[in-house]
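Colleague: Here you go, this is data.cif (mmCIF, N, CA and C atoms).
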```cif
data_start
loop_
_atom_site.label_atom_id
_atom_site.label_comp_id
_atom_site.auth_asym_id
_atom_site.auth_seq_id
_atom_site.Cartn_x
_atom_site.Cartn_y
_atom_site.Cartn_z
N MET J 218 -18.73 -8.54 -15.89
CA MET J 218 -18.72 -8.56 -14.45
C MET J 218 -17.41 -9.17 -13.97
N VAL J 219 -16.82 -8.58 -12.96
CA VAL J 219 -15.55 -9.04 -12.41
C VAL J 219 -15.82 -10.16 -11.42
N SER J 220 -15.13 -11.29 -11.60
CA SER J 220 -15.29 -12.36 -10.62
C SER J 220 -14.26 -12.16 -9.52
N ARG J 221 -14.70 -12.33 -8.31
CA ARG J 221 -13.83 -12.13 -7.17
C ARG J 221 -13.75 -13.41 -6.35
N PRO J 222 -12.63 -13.61 -5.69
CA PRO J 222 -12.56 -14.73 -4.76
C PRO J 222 -13.59 -14.53 -3.65
N ALA J 223 -14.15 -15.61 -3.18
CA ALA J 223 -15.15 -15.51 -2.11
C ALA J 223 -14.50 -14.94 -0.87
N LEU J 224 -15.19 -13.98 -0.26
CA LEU J 224 -14.69 -13.38 0.97
C LEU J 224 -15.32 -14.10 2.15
N VAL J 225 -14.49 -14.57 3.04
CA VAL J 225 -14.96 -15.21 4.25
C VAL J 225 -14.87 -14.17 5.36
N PRO J 226 -15.89 -14.07 6.21
CA PRO J 226 -15.84 -13.06 7.28
C PRO J 226 -14.57 -13.17 8.11
N VAL J 227 -14.15 -12.03 8.64
CA VAL J 227 -12.94 -11.98 9.45
C VAL J 227 -13.03 -12.95 10.62
N SER J 228 -14.21 -13.08 11.21
CA SER J 228 -14.36 -14.00 12.33
C SER J 228 -14.01 -15.43 11.93
N ALA J 229 -14.33 -15.80 10.69
CA ALA J 229 -13.98 -17.14 10.20
C ALA J 229 -12.47 -17.28 10.09
N ALA J 230 -11.81 -16.21 9.67
CA ALA J 230 -10.35 -16.24 9.59
C ALA J 230 -9.74 -16.39 10.97
N ALA J 231 -10.32 -15.70 11.94
CA ALA J 231 -9.83 -15.81 13.31
C ALA J 231 -10.02 -17.22 13.82
N GLU J 232 -11.13 -17.87 13.42
CA GLU J 232 -11.36 -19.25 13.83
C GLU J 232 -10.30 -20.17 13.27
N VAL J 233 -9.93 -19.96 12.01
CA VAL J 233 -8.90 -20.80 11.38
C VAL J 233 -7.63 -20.72 12.19
N VAL J 234 -7.23 -19.51 12.59
CA VAL J 234 -6.00 -19.33 13.35
C VAL J 234 -6.19 -19.84 14.78
N ALA J 235 -7.36 -19.55 15.41
CA ALA J 235 -7.58 -19.95 16.79
C ALA J 235 -7.65 -21.47 16.92
N GLN J 236 -8.22 -22.14 15.92
CA GLN J 236 -8.35 -23.58 15.98
C GLN J 236 -7.02 -24.27 15.73
N ALA J 237 -6.09 -23.59 15.19
CA ALA J 237 -4.82 -24.19 14.80
C ALA J 237 -3.87 -24.25 15.99
N GLU J 238 -4.01 -25.29 16.80
CA GLU J 238 -3.08 -25.51 17.90
C GLU J 238 -2.54 -26.90 17.77
N PRO J 239 -1.31 -27.15 17.50
CA PRO J 239 -0.29 -26.14 17.22
C PRO J 239 -0.57 -25.43 15.89
N LEU J 240 0.16 -24.37 15.67
CA LEU J 240 -0.03 -23.53 14.50
C LEU J 240 -0.04 -24.35 13.22
N ASP J 241 -1.11 -24.22 12.47
CA ASP J 241 -1.25 -24.91 11.18
C ASP J 241 -0.81 -23.92 10.10
N LEU J 242 0.45 -24.00 9.74
CA LEU J 242 1.00 -23.04 8.78
C LEU J 242 0.31 -23.11 7.43
N ASP J 243 -0.09 -24.29 6.99
CA ASP J 243 -0.78 -24.39 5.71
C ASP J 243 -2.09 -23.62 5.73
N ALA J 244 -2.87 -23.77 6.81
CA ALA J 244 -4.14 -23.05 6.93
C ALA J 244 -3.90 -21.55 7.01
N LEU J 245 -2.89 -21.15 7.77
CA LEU J 245 -2.56 -19.73 7.89
C LEU J 245 -2.16 -19.14 6.55
N LEU J 246 -1.27 -19.81 5.84
CA LEU J 246 -0.81 -19.32 4.54
C LEU J 246 -1.93 -19.36 3.50
N ASP J 247 -2.77 -20.40 3.55
CA ASP J 247 -3.92 -20.46 2.64
C ASP J 247 -4.83 -19.26 2.85
N ARG J 248 -5.11 -18.93 4.10
CA ARG J 248 -6.01 -17.81 4.39
C ARG J 248 -5.38 -16.48 3.95
N ILE J 249 -4.10 -16.32 4.20
CA ILE J 249 -3.42 -15.08 3.79
C ILE J 249 -3.47 -14.94 2.27
N THR J 250 -3.21 -16.02 1.53
CA THR J 250 -3.23 -15.92 0.07
C THR J 250 -4.64 -15.69 -0.45
N GLN J 251 -5.64 -16.25 0.22
CA GLN J 251 -7.03 -15.97 -0.18
C GLN J 251 -7.36 -14.49 -0.01
N LEU J 252 -6.96 -13.94 1.12
CA LEU J 252 -7.24 -12.52 1.37
C LEU J 252 -6.47 -11.62 0.42
N LYS J 253 -5.21 -11.96 0.12
CA LYS J 253 -4.43 -11.16 -0.83
C LYS J 253 -5.05 -11.20 -2.22
N ALA J 254 -5.55 -12.36 -2.64
CA ALA J 254 -6.21 -12.46 -3.95
C ALA J 254 -7.48 -11.62 -3.96
N ALA J 255 -8.24 -11.66 -2.87
CA ALA J 255 -9.46 -10.85 -2.78
C ALA J 255 -9.11 -9.36 -2.79
N GLN J 256 -8.04 -8.99 -2.09
CA GLN J 256 -7.61 -7.60 -2.04
C GLN J 256 -7.23 -7.11 -3.44
N LYS J 257 -6.51 -7.93 -4.19
CA LYS J 257 -6.11 -7.55 -5.54
C LYS J 257 -7.33 -7.37 -6.45
N ALA J 258 -8.31 -8.27 -6.31
CA ALA J 258 -9.52 -8.18 -7.12
C ALA J 258 -10.31 -6.92 -6.76
N ILE J 259 -10.40 -6.63 -5.48
CA ILE J 259 -11.12 -5.43 -5.04
C ILE J 259 -10.41 -4.18 -5.54
N GLU J 260 -9.09 -4.15 -5.45
CA GLU J 260 -8.33 -2.98 -5.90
C GLU J 260 -8.52 -2.75 -7.40
N SER J 261 -8.55 -3.82 -8.19
CA SER J 261 -8.72 -3.65 -9.64
C SER J 261 -10.12 -3.16 -9.97
N GLU J 262 -11.10 -3.53 -9.17
CA GLU J 262 -12.46 -3.05 -9.37
C GLU J 262 -12.63 -1.62 -8.85
N LEU J 263 -11.89 -1.29 -7.80
CA LEU J 263 -12.00 0.03 -7.18
C LEU J 263 -11.33 1.13 -8.01
N THR J 264 -10.25 0.82 -8.71
CA THR J 264 -9.49 1.83 -9.45
C THR J 264 -10.35 2.64 -10.43
N PRO J 265 -11.13 2.02 -11.32
CA PRO J 265 -11.93 2.84 -12.23
C PRO J 265 -13.03 3.63 -11.50
N LEU J 266 -13.50 3.11 -10.38
CA LEU J 266 -14.50 3.84 -9.60
C LEU J 266 -13.90 5.09 -8.98
N LEU J 267 -12.67 4.97 -8.51
CA LEU J 267 -11.99 6.14 -7.95
C LEU J 267 -11.70 7.17 -9.05
N ASP J 268 -11.40 6.69 -10.26
CA ASP J 268 -11.23 7.62 -11.39
C ASP J 268 -12.52 8.41 -11.64
N GLN J 269 -13.65 7.73 -11.56
CA GLN J 269 -14.94 8.41 -11.73
C GLN J 269 -15.19 9.40 -10.60
N LEU J 270 -14.77 9.04 -9.38
CA LEU J 270 -14.92 9.94 -8.24
C LEU J 270 -14.07 11.19 -8.45
N HIS J 271 -12.84 11.01 -8.93
CA HIS J 271 -11.97 12.16 -9.24
C HIS J 271 -12.62 13.07 -10.29
N ALA J 272 -13.19 12.46 -11.32
CA ALA J 272 -13.83 13.23 -12.38
C ALA J 272 -15.02 14.02 -11.83
N ALA J 273 -15.80 13.41 -10.94
CA ALA J 273 -16.94 14.11 -10.33
C ALA J 273 -16.45 15.27 -9.47
N PHE J 274 -15.35 15.07 -8.76
CA PHE J 274 -14.79 16.16 -7.95
C PHE J 274 -14.27 17.28 -8.84
N ASP J 275 -13.51 16.90 -9.89
CA ASP J 275 -12.98 17.90 -10.83
C ASP J 275 -14.11 18.67 -11.51
N GLY J 276 -15.24 18.02 -11.72
CA GLY J 276 -16.39 18.66 -12.35
C GLY J 276 -17.23 19.49 -11.39
N GLY J 277 -16.81 19.55 -10.12
CA GLY J 277 -17.52 20.36 -9.14
C GLY J 277 -18.77 19.69 -8.56
N GLU J 278 -18.94 18.40 -8.79
CA GLU J 278 -20.12 17.70 -8.29
C GLU J 278 -19.97 17.27 -6.83
N LEU J 279 -18.75 17.27 -6.30
CA LEU J 279 -18.49 16.83 -4.94
C LEU J 279 -17.66 17.85 -4.19
N ASP J 280 -17.87 17.92 -2.88
CA ASP J 280 -17.00 18.72 -2.02
C ASP J 280 -15.74 17.91 -1.73
N ALA J 281 -14.74 18.58 -1.21
CA ALA J 281 -13.48 17.90 -0.90
C ALA J 281 -13.61 16.96 0.30
N SER J 282 -14.64 17.14 1.09
CA SER J 282 -14.87 16.29 2.25
C SER J 282 -16.36 16.08 2.41
N PHE J 283 -16.78 14.82 2.52
CA PHE J 283 -18.20 14.51 2.69
C PHE J 283 -18.35 13.12 3.27
N SER J 284 -19.56 12.76 3.65
CA SER J 284 -19.86 11.43 4.18
C SER J 284 -20.92 10.77 3.32
N HIS J 285 -20.85 9.46 3.22
CA HIS J 285 -21.85 8.69 2.50
C HIS J 285 -21.92 7.31 3.16
N ASN J 286 -23.12 6.90 3.56
CA ASN J 286 -23.31 5.60 4.24
C ASN J 286 -22.33 5.41 5.40
N ASP J 287 -22.16 6.44 6.19
CA ASP J 287 -21.27 6.43 7.37
C ASP J 287 -19.78 6.31 7.03
N PHE J 288 -19.43 6.40 5.75
CA PHE J 288 -18.03 6.45 5.36
C PHE J 288 -17.66 7.91 5.11
N SER J 289 -16.48 8.31 5.57
CA SER J 289 -15.99 9.67 5.34
C SER J 289 -15.09 9.66 4.12
N PHE J 290 -15.32 10.60 3.24
CA PHE J 290 -14.50 10.77 2.04
C PHE J 290 -13.77 12.09 2.19
N CYS J 291 -12.49 12.08 1.94
CA CYS J 291 -11.70 13.32 2.04
C CYS J 291 -10.68 13.33 0.91
N TRP J 292 -10.78 14.31 0.02
CA TRP J 292 -9.88 14.43 -1.12
C TRP J 292 -8.53 14.95 -0.65
N SER J 293 -7.48 14.40 -1.20
CA SER J 293 -6.13 14.84 -0.90
C SER J 293 -5.42 15.12 -2.22
N PRO J 294 -4.68 16.21 -2.30
CA PRO J 294 -4.00 16.55 -3.56
C PRO J 294 -2.79 15.67 -3.85
N GLY J 295 -2.40 14.82 -2.91
CA GLY J 295 -1.25 13.95 -3.13
C GLY J 295 0.00 14.51 -2.46
N ARG J 296 1.00 13.68 -2.41
CA ARG J 296 2.26 14.05 -1.76
C ARG J 296 3.01 15.07 -2.62
N LEU J 297 3.57 16.06 -1.97
CA LEU J 297 4.38 17.05 -2.67
C LEU J 297 5.75 16.47 -2.99
N SER J 298 6.25 16.82 -4.13
CA SER J 298 7.63 16.50 -4.47
C SER J 298 8.21 17.71 -5.17
N TYR J 299 9.51 17.77 -5.20
CA TYR J 299 10.17 18.94 -5.76
C TYR J 299 11.22 18.53 -6.79
N ALA J 300 11.38 19.34 -7.80
CA ALA J 300 12.47 19.20 -8.76
C ALA J 300 13.46 20.30 -8.43
N TYR J 301 14.68 19.89 -8.07
CA TYR J 301 15.67 20.86 -7.61
C TYR J 301 16.58 21.30 -8.74
N PRO J 302 17.11 22.53 -8.62
CA PRO J 302 18.06 23.01 -9.63
C PRO J 302 19.36 22.20 -9.59
N GLU J 303 20.10 22.26 -10.67
CA GLU J 303 21.32 21.47 -10.85
C GLU J 303 22.32 21.61 -9.68
N PRO J 304 22.61 22.81 -9.17
CA PRO J 304 23.58 22.90 -8.06
C PRO J 304 23.16 22.06 -6.84
N LEU J 305 21.87 22.03 -6.54
CA LEU J 305 21.41 21.23 -5.41
C LEU J 305 21.49 19.73 -5.71
N ARG J 306 21.22 19.35 -6.94
CA ARG J 306 21.34 17.93 -7.31
C ARG J 306 22.80 17.47 -7.18
N LEU J 307 23.74 18.36 -7.53
CA LEU J 307 25.16 18.01 -7.38
C LEU J 307 25.52 17.85 -5.91
N GLN J 308 24.98 18.73 -5.05
CA GLN J 308 25.23 18.60 -3.61
C GLN J 308 24.64 17.29 -3.08
N GLU J 309 23.47 16.93 -3.59
CA GLU J 309 22.83 15.69 -3.18
C GLU J 309 23.71 14.49 -3.56
N GLN J 310 24.27 14.53 -4.75
CA GLN J 310 25.15 13.44 -5.18
C GLN J 310 26.37 13.34 -4.27
N SER J 311 26.92 14.50 -3.89
CA SER J 311 28.08 14.50 -2.98
C SER J 311 27.70 13.92 -1.63
N LEU J 312 26.53 14.30 -1.12
CA LEU J 312 26.05 13.78 0.16
C LEU J 312 25.85 12.27 0.08
N LYS J 313 25.24 11.79 -1.00
CA LYS J 313 25.02 10.35 -1.15
C LYS J 313 26.34 9.59 -1.19
N GLN J 314 27.34 10.16 -1.85
CA GLN J 314 28.66 9.52 -1.90
C GLN J 314 29.28 9.49 -0.51
N ALA J 315 29.14 10.59 0.24
CA ALA J 315 29.68 10.64 1.61
C ALA J 315 28.96 9.61 2.49
N GLN J 316 27.64 9.46 2.32
CA GLN J 316 26.89 8.47 3.09
C GLN J 316 27.35 7.06 2.74
N LYS J 317 27.56 6.80 1.45
CA LYS J 317 28.02 5.48 1.02
C LYS J 317 29.39 5.18 1.63
N SER J 318 30.25 6.17 1.66
CA SER J 318 31.59 6.00 2.26
C SER J 318 31.48 5.71 3.75
N ALA J 319 30.55 6.39 4.44
CA ALA J 319 30.35 6.15 5.88
C ALA J 319 29.87 4.73 6.14
N VAL J 320 29.00 4.23 5.29
CA VAL J 320 28.51 2.85 5.43
C VAL J 320 29.67 1.88 5.21
N GLU J 321 30.43 2.11 4.14
CA GLU J 321 31.54 1.22 3.81
C GLU J 321 32.62 1.22 4.88
N SER J 322 32.86 2.38 5.51
CA SER J 322 33.91 2.46 6.54
C SER J 322 33.41 2.02 7.91
N GLY J 323 32.10 1.83 8.05
CA GLY J 323 31.55 1.39 9.33
C GLY J 323 31.26 2.52 10.30
N THR J 324 31.39 3.77 9.86
CA THR J 324 31.11 4.89 10.77
C THR J 324 29.62 5.24 10.82
N ALA J 325 28.83 4.72 9.89
CA ALA J 325 27.38 4.94 9.92
C ALA J 325 26.74 3.90 10.84
N THR J 326 25.73 4.31 11.58
CA THR J 326 25.03 3.42 12.50
C THR J 326 23.82 2.81 11.79
N ILE J 327 23.67 1.50 11.91
CA ILE J 327 22.54 0.81 11.30
C ILE J 327 21.31 0.95 12.18
N GLN J 328 20.18 1.27 11.56
CA GLN J 328 18.90 1.34 12.26
C GLN J 328 17.87 0.59 11.44
N HIS J 329 17.00 -0.15 12.13
CA HIS J 329 15.95 -0.91 11.46
C HIS J 329 14.59 -0.34 11.84
N GLY J 330 13.68 -0.30 10.87
CA GLY J 330 12.30 0.07 11.14
C GLY J 330 11.56 -1.14 11.68
N ASN J 331 10.24 -1.03 11.77
CA ASN J 331 9.42 -2.15 12.24
C ASN J 331 9.42 -3.26 11.19
N PRO J 332 9.52 -4.50 11.63
CA PRO J 332 9.48 -5.61 10.67
C PRO J 332 8.09 -5.75 10.05
N PHE J 333 8.02 -6.25 8.84
CA PHE J 333 6.75 -6.44 8.16
C PHE J 333 6.91 -7.50 7.09
N TRP J 334 5.78 -8.03 6.62
CA TRP J 334 5.75 -9.01 5.55
C TRP J 334 5.33 -8.32 4.27
N THR J 335 5.94 -8.67 3.16
CA THR J 335 5.45 -8.26 1.85
C THR J 335 4.90 -9.52 1.20
N ILE J 336 3.64 -9.46 0.81
CA ILE J 336 2.99 -10.62 0.24
C ILE J 336 2.46 -10.21 -1.13
N LYS J 337 2.95 -10.86 -2.17
CA LYS J 337 2.55 -10.52 -3.53
C LYS J 337 1.83 -11.71 -4.18
N ALA J 338 0.75 -11.39 -4.85
CA ALA J 338 0.01 -12.42 -5.59
C ALA J 338 0.79 -12.77 -6.85
N PRO J 339 0.58 -13.96 -7.39
CA PRO J 339 1.26 -14.29 -8.64
C PRO J 339 0.81 -13.36 -9.75
N ARG J 340 1.70 -13.11 -10.68
CA ARG J 340 1.38 -12.22 -11.81
C ARG J 340 0.42 -12.92 -12.76
N ALA J 341 -0.53 -12.14 -13.27
CA ALA J 341 -1.46 -12.68 -14.26
C ALA J 341 -0.71 -12.96 -15.55
N VAL J 342 -1.03 -14.06 -16.22
CA VAL J 342 -0.34 -14.43 -17.46
C VAL J 342 -1.06 -13.88 -18.64
#
```
Could you rewrite the structure in this file as structure tokens?
Modeller:
Amino acid sequence: MVSRPALVPVSAAAEVVAQAEPLDLDALLDRITQLKAAQKAIESELTPLLDQLHAAFDGGELDASFSHNDFSFCWSPGRLSYAYPEPLRLQEQSLKQAQKSAVESGTATIQHGNPFWTIKAPRAV
């Protein structure tokens, strides 16, 4: 059996943040790390279950779209990617070099996406 970190309801997490006036960074960071640890545990438990779901779909036991306990399941074949012939790969290399030159010369315009946090759990030893 997989042991998981205890999950505290979201409302309890909101209380931790709401009660923190002024902002209690230790409590905030503690709660974030608790949730990230729980997320990692859930993902490791979910992966083999999703493999079984794929096998059931491949075996014709499931439709590509269905509902169960008010959850919608929808199979997706995954993102398409392409392997290009050598002449196109050479053109791509030329374009990348031209882009690098534009950045170095300052003629390229910098654009930023939306800011976000990346939070990683410590690696298992």
Colleague: Pull the strand (DSSP E or B) assignments for segment 234-321 of chain J out of DSSP run on the backbone, and list those residues as a list of chain:residue names.
Modeller: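 Selection result, strand (DSSP E or B) within segment 234-321 of chain J: J:Ser282, J:Phe283, J:Ser284, J:His285, J:Phe288, J:Ser289, J:Phe290, J:Cys291.
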Colleague: Fewer than 6 positions away in the same chain doesn't count, so skip those; otherwise give me all residues within 12 Å of Asp275 of chain J, counting only C-alpha atoms, as a list in words.
Modeller: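 What passes the distance filter is Asp268, Gln269, Ala281, Trp292 and Pro294 of chain J.
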Colleague: What does the structure give for the distance between atom CA of Ser284 of chain J and atom CA of Leu266 of chain J, in Å to one decimal?
Modeller: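 About the pair atom CA of Ser284 of chain J and atom CA of Leu266 of chain J: they are 16.6 Å apart.
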Colleague: Kindly give the distance, in Å, that separates atom CA of Ser311 of chain J and atom CA of Gly330 of chain J, rounded to a single decimal.
Modeller: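 One can read the atom CA of Ser311 of chain J to atom CA of Gly330 of chain J distance as 25.6 Å.
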Colleague: Starting from the PyMOL selection byres ((chain J and resi 337) around 8), expand the selection into actual residues of this file and give them as a list in words.
Modeller: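 With the PyMOL selection byres ((chain J and resi 337) around 8) on this model, the match is Thr250, Lys253, Ala254, Trp334, Thr335, Ile336, Ala338, Pro339 and Arg340 of chain J.
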Colleague: Keeping only N, CA and C atoms, take the residues you just selected and write them out as a PDB file, in the coordinates of the input.
Modeller:
```
ATOM      1  N   THR J 250      -3.210 -16.020   1.530  1.00  0.00           N
ATOM      2  CA  THR J 250      -3.230 -15.920   0.070  1.00  0.00           C
ATOM      3  C   THR J 250      -4.640 -15.690  -0.450  1.00  0.00           C
ATOM      4  N   LYS J 253      -5.210 -11.960   0.120  1.00  0.00           N
ATOM      5  CA  LYS J 253      -4.430 -11.160  -0.830  1.00  0.00           C
ATOM      6  C   LYS J 253      -5.050 -11.200  -2.220  1.00  0.00           C
ATOM      7  N   ALA J 254      -5.550 -12.360  -2.640  1.00  0.00           N
ATOM      8  CA  ALA J 254      -6.210 -12.460  -3.950  1.00  0.00           C
ATOM      9  C   ALA J 254      -7.480 -11.620  -3.960  1.00  0.00           C
ATOM     10  N   TRP J 334       5.780  -8.030   6.620  1.00  0.00           N
ATOM     11  CA  TRP J 334       5.750  -9.010   5.550  1.00  0.00           C
ATOM     12  C   TRP J 334       5.330  -8.320   4.270  1.00  0.00           C
ATOM     13  N   THR J 335       5.940  -8.670   3.160  1.00  0.00           N
ATOM     14  CA  THR J 335       5.450  -8.260   1.850  1.00  0.00           C
ATOM     15  C   THR J 335       4.900  -9.520   1.200  1.00  0.00           C
ATOM     16  N   ILE J 336       3.640  -9.460   0.810  1.00  0.00           N
ATOM     17  CA  ILE J 336       2.990 -10.620   0.240  1.00  0.00           C
ATOM     18  C   ILE J 336       2.460 -10.210  -1.130  1.00  0.00           C
ATOM     19  N   ALA J 338       0.750 -11.390  -4.850  1.00  0.00           N
ATOM     20  CA  ALA J 338       0.010 -12.420  -5.590  1.00  0.00           C
ATOM     21  C   ALA J 338       0.790 -12.770  -6.850  1.00  0.00           C
ATOM     22  N   PRO J 339       0.580 -13.960  -7.390  1.00  0.00           N
ATOM     23  CA  PRO J 339       1.260 -14.290  -8.640  1.00  0.00           C
ATOM     24  C   PRO J 339       0.810 -13.360  -9.750  1.00  0.00           C
ATOM     25  N   ARG J 340       1.700 -13.110 -10.680  1.00  0.00           N
ATOM     26  CA  ARG J 340       1.380 -12.220 -11.810  1.00  0.00           C
ATOM     27  C   ARG J 340       0.420 -12.920 -12.760  1.00  0.00           C
TER      28      ARG J 340
END
```
Colleague: Would you fill out segment 246-255 of chain J with all heavy atoms and return it as an mmCIF file, keeping the file's coordinate frame?
Modeller:
```
data_model
loop_
_atom_site.group_PDB
_atom_site.id
_atom_site.type_symbol
_atom_site.label_atom_id
_atom_site.label_comp_id
_atom_site.auth_asym_id
_atom_site.auth_seq_id
_atom_site.Cartn_x
_atom_site.Cartn_y
_atom_site.Cartn_z
ATOM 1 N N LEU J 246 -1.270 -19.810 5.840
ATOM 2 C CA LEU J 246 -0.810 -19.320 4.540
ATOM 3 C C LEU J 246 -1.930 -19.360 3.500
ATOM 4 O O LEU J 246 -2.037 -18.450 2.671
ATOM 5 C CB LEU J 246 0.408 -20.113 4.068
ATOM 6 C CG LEU J 246 1.659 -19.934 4.929
ATOM 7 C CD1 LEU J 246 2.749 -20.903 4.492
ATOM 8 C CD2 LEU J 246 2.153 -18.501 4.905
ATOM 9 N N ASP J 247 -2.770 -20.400 3.550
ATOM 10 C CA ASP J 247 -3.920 -20.460 2.640
ATOM 11 C C ASP J 247 -4.830 -19.260 2.850
ATOM 12 O O ASP J 247 -5.275 -18.629 1.886
ATOM 13 C CB ASP J 247 -4.719 -21.749 2.832
ATOM 14 C CG ASP J 247 -4.027 -22.977 2.267
ATOM 15 O OD1 ASP J 247 -3.053 -22.818 1.490
ATOM 16 O OD2 ASP J 247 -4.471 -24.100 2.603
ATOM 17 N N ARG J 248 -5.110 -18.930 4.100
ATOM 18 C CA ARG J 248 -6.010 -17.810 4.390
ATOM 19 C C ARG J 248 -5.380 -16.480 3.950
ATOM 20 O O ARG J 248 -6.061 -15.620 3.393
ATOM 21 C CB ARG J 248 -6.356 -17.782 5.883
ATOM 22 C CG ARG J 248 -7.361 -16.733 6.248
ATOM 23 C CD ARG J 248 -8.691 -16.983 5.551
ATOM 24 N NE ARG J 248 -9.582 -15.867 5.828
ATOM 25 C CZ ARG J 248 -10.477 -15.398 4.988
ATOM 26 N NH1 ARG J 248 -10.638 -15.968 3.814
ATOM 27 N NH2 ARG J 248 -11.225 -14.382 5.306
ATOM 28 N N ILE J 249 -4.100 -16.320 4.200
ATOM 29 C CA ILE J 249 -3.420 -15.080 3.790
ATOM 30 C C ILE J 249 -3.470 -14.940 2.270
ATOM 31 O O ILE J 249 -3.787 -13.860 1.760
ATOM 32 C CB ILE J 249 -1.952 -15.065 4.292
ATOM 33 C CG1 ILE J 249 -1.929 -14.858 5.809
ATOM 34 C CG2 ILE J 249 -1.148 -13.965 3.596
ATOM 35 C CD1 ILE J 249 -0.560 -15.043 6.441
ATOM 36 N N THR J 250 -3.210 -16.020 1.530
ATOM 37 C CA THR J 250 -3.230 -15.920 0.070
ATOM 38 C C THR J 250 -4.640 -15.690 -0.450
ATOM 39 O O THR J 250 -4.821 -14.980 -1.445
ATOM 40 C CB THR J 250 -2.585 -17.153 -0.591
ATOM 41 O OG1 THR J 250 -3.241 -18.336 -0.133
ATOM 42 C CG2 THR J 250 -1.093 -17.236 -0.272
ATOM 43 N N GLN J 251 -5.640 -16.250 0.220
ATOM 44 C CA GLN J 251 -7.030 -15.970 -0.180
ATOM 45 C C GLN J 251 -7.360 -14.490 -0.010
ATOM 46 O O GLN J 251 -7.954 -13.867 -0.900
ATOM 47 C CB GLN J 251 -8.019 -16.785 0.676
ATOM 48 C CG GLN J 251 -8.054 -18.251 0.384
ATOM 49 C CD GLN J 251 -8.876 -19.009 1.440
ATOM 50 O OE1 GLN J 251 -9.359 -18.448 2.406
ATOM 51 N NE2 GLN J 251 -9.008 -20.314 1.230
ATOM 52 N N LEU J 252 -6.960 -13.940 1.120
ATOM 53 C CA LEU J 252 -7.240 -12.520 1.370
ATOM 54 C C LEU J 252 -6.470 -11.620 0.420
ATOM 55 O O LEU J 252 -6.991 -10.596 -0.043
ATOM 56 C CB LEU J 252 -6.932 -12.165 2.829
ATOM 57 C CG LEU J 252 -7.884 -12.757 3.852
ATOM 58 C CD1 LEU J 252 -7.378 -12.515 5.273
ATOM 59 C CD2 LEU J 252 -9.288 -12.191 3.680
ATOM 60 N N LYS J 253 -5.210 -11.960 0.120
ATOM 61 C CA LYS J 253 -4.430 -11.160 -0.830
ATOM 62 C C LYS J 253 -5.050 -11.200 -2.220
ATOM 63 O O LYS J 253 -5.095 -10.185 -2.913
ATOM 64 C CB LYS J 253 -2.968 -11.634 -0.875
ATOM 65 C CG LYS J 253 -2.158 -11.329 0.369
ATOM 66 C CD LYS J 253 -2.063 -9.852 0.691
ATOM 67 C CE LYS J 253 -1.166 -9.133 -0.271
ATOM 68 N NZ LYS J 253 -0.986 -7.710 0.047
ATOM 69 N N ALA J 254 -5.550 -12.360 -2.640
ATOM 70 C CA ALA J 254 -6.210 -12.460 -3.950
ATOM 71 C C ALA J 254 -7.480 -11.620 -3.960
ATOM 72 O O ALA J 254 -7.764 -10.917 -4.938
ATOM 73 C CB ALA J 254 -6.538 -13.924 -4.262
ATOM 74 N N ALA J 255 -8.240 -11.660 -2.870
ATOM 75 C CA ALA J 255 -9.460 -10.850 -2.780
ATOM 76 C C ALA J 255 -9.110 -9.360 -2.790
ATOM 77 O O ALA J 255 -9.778 -8.557 -3.441
ATOM 78 C CB ALA J 255 -10.237 -11.206 -1.510
#
```
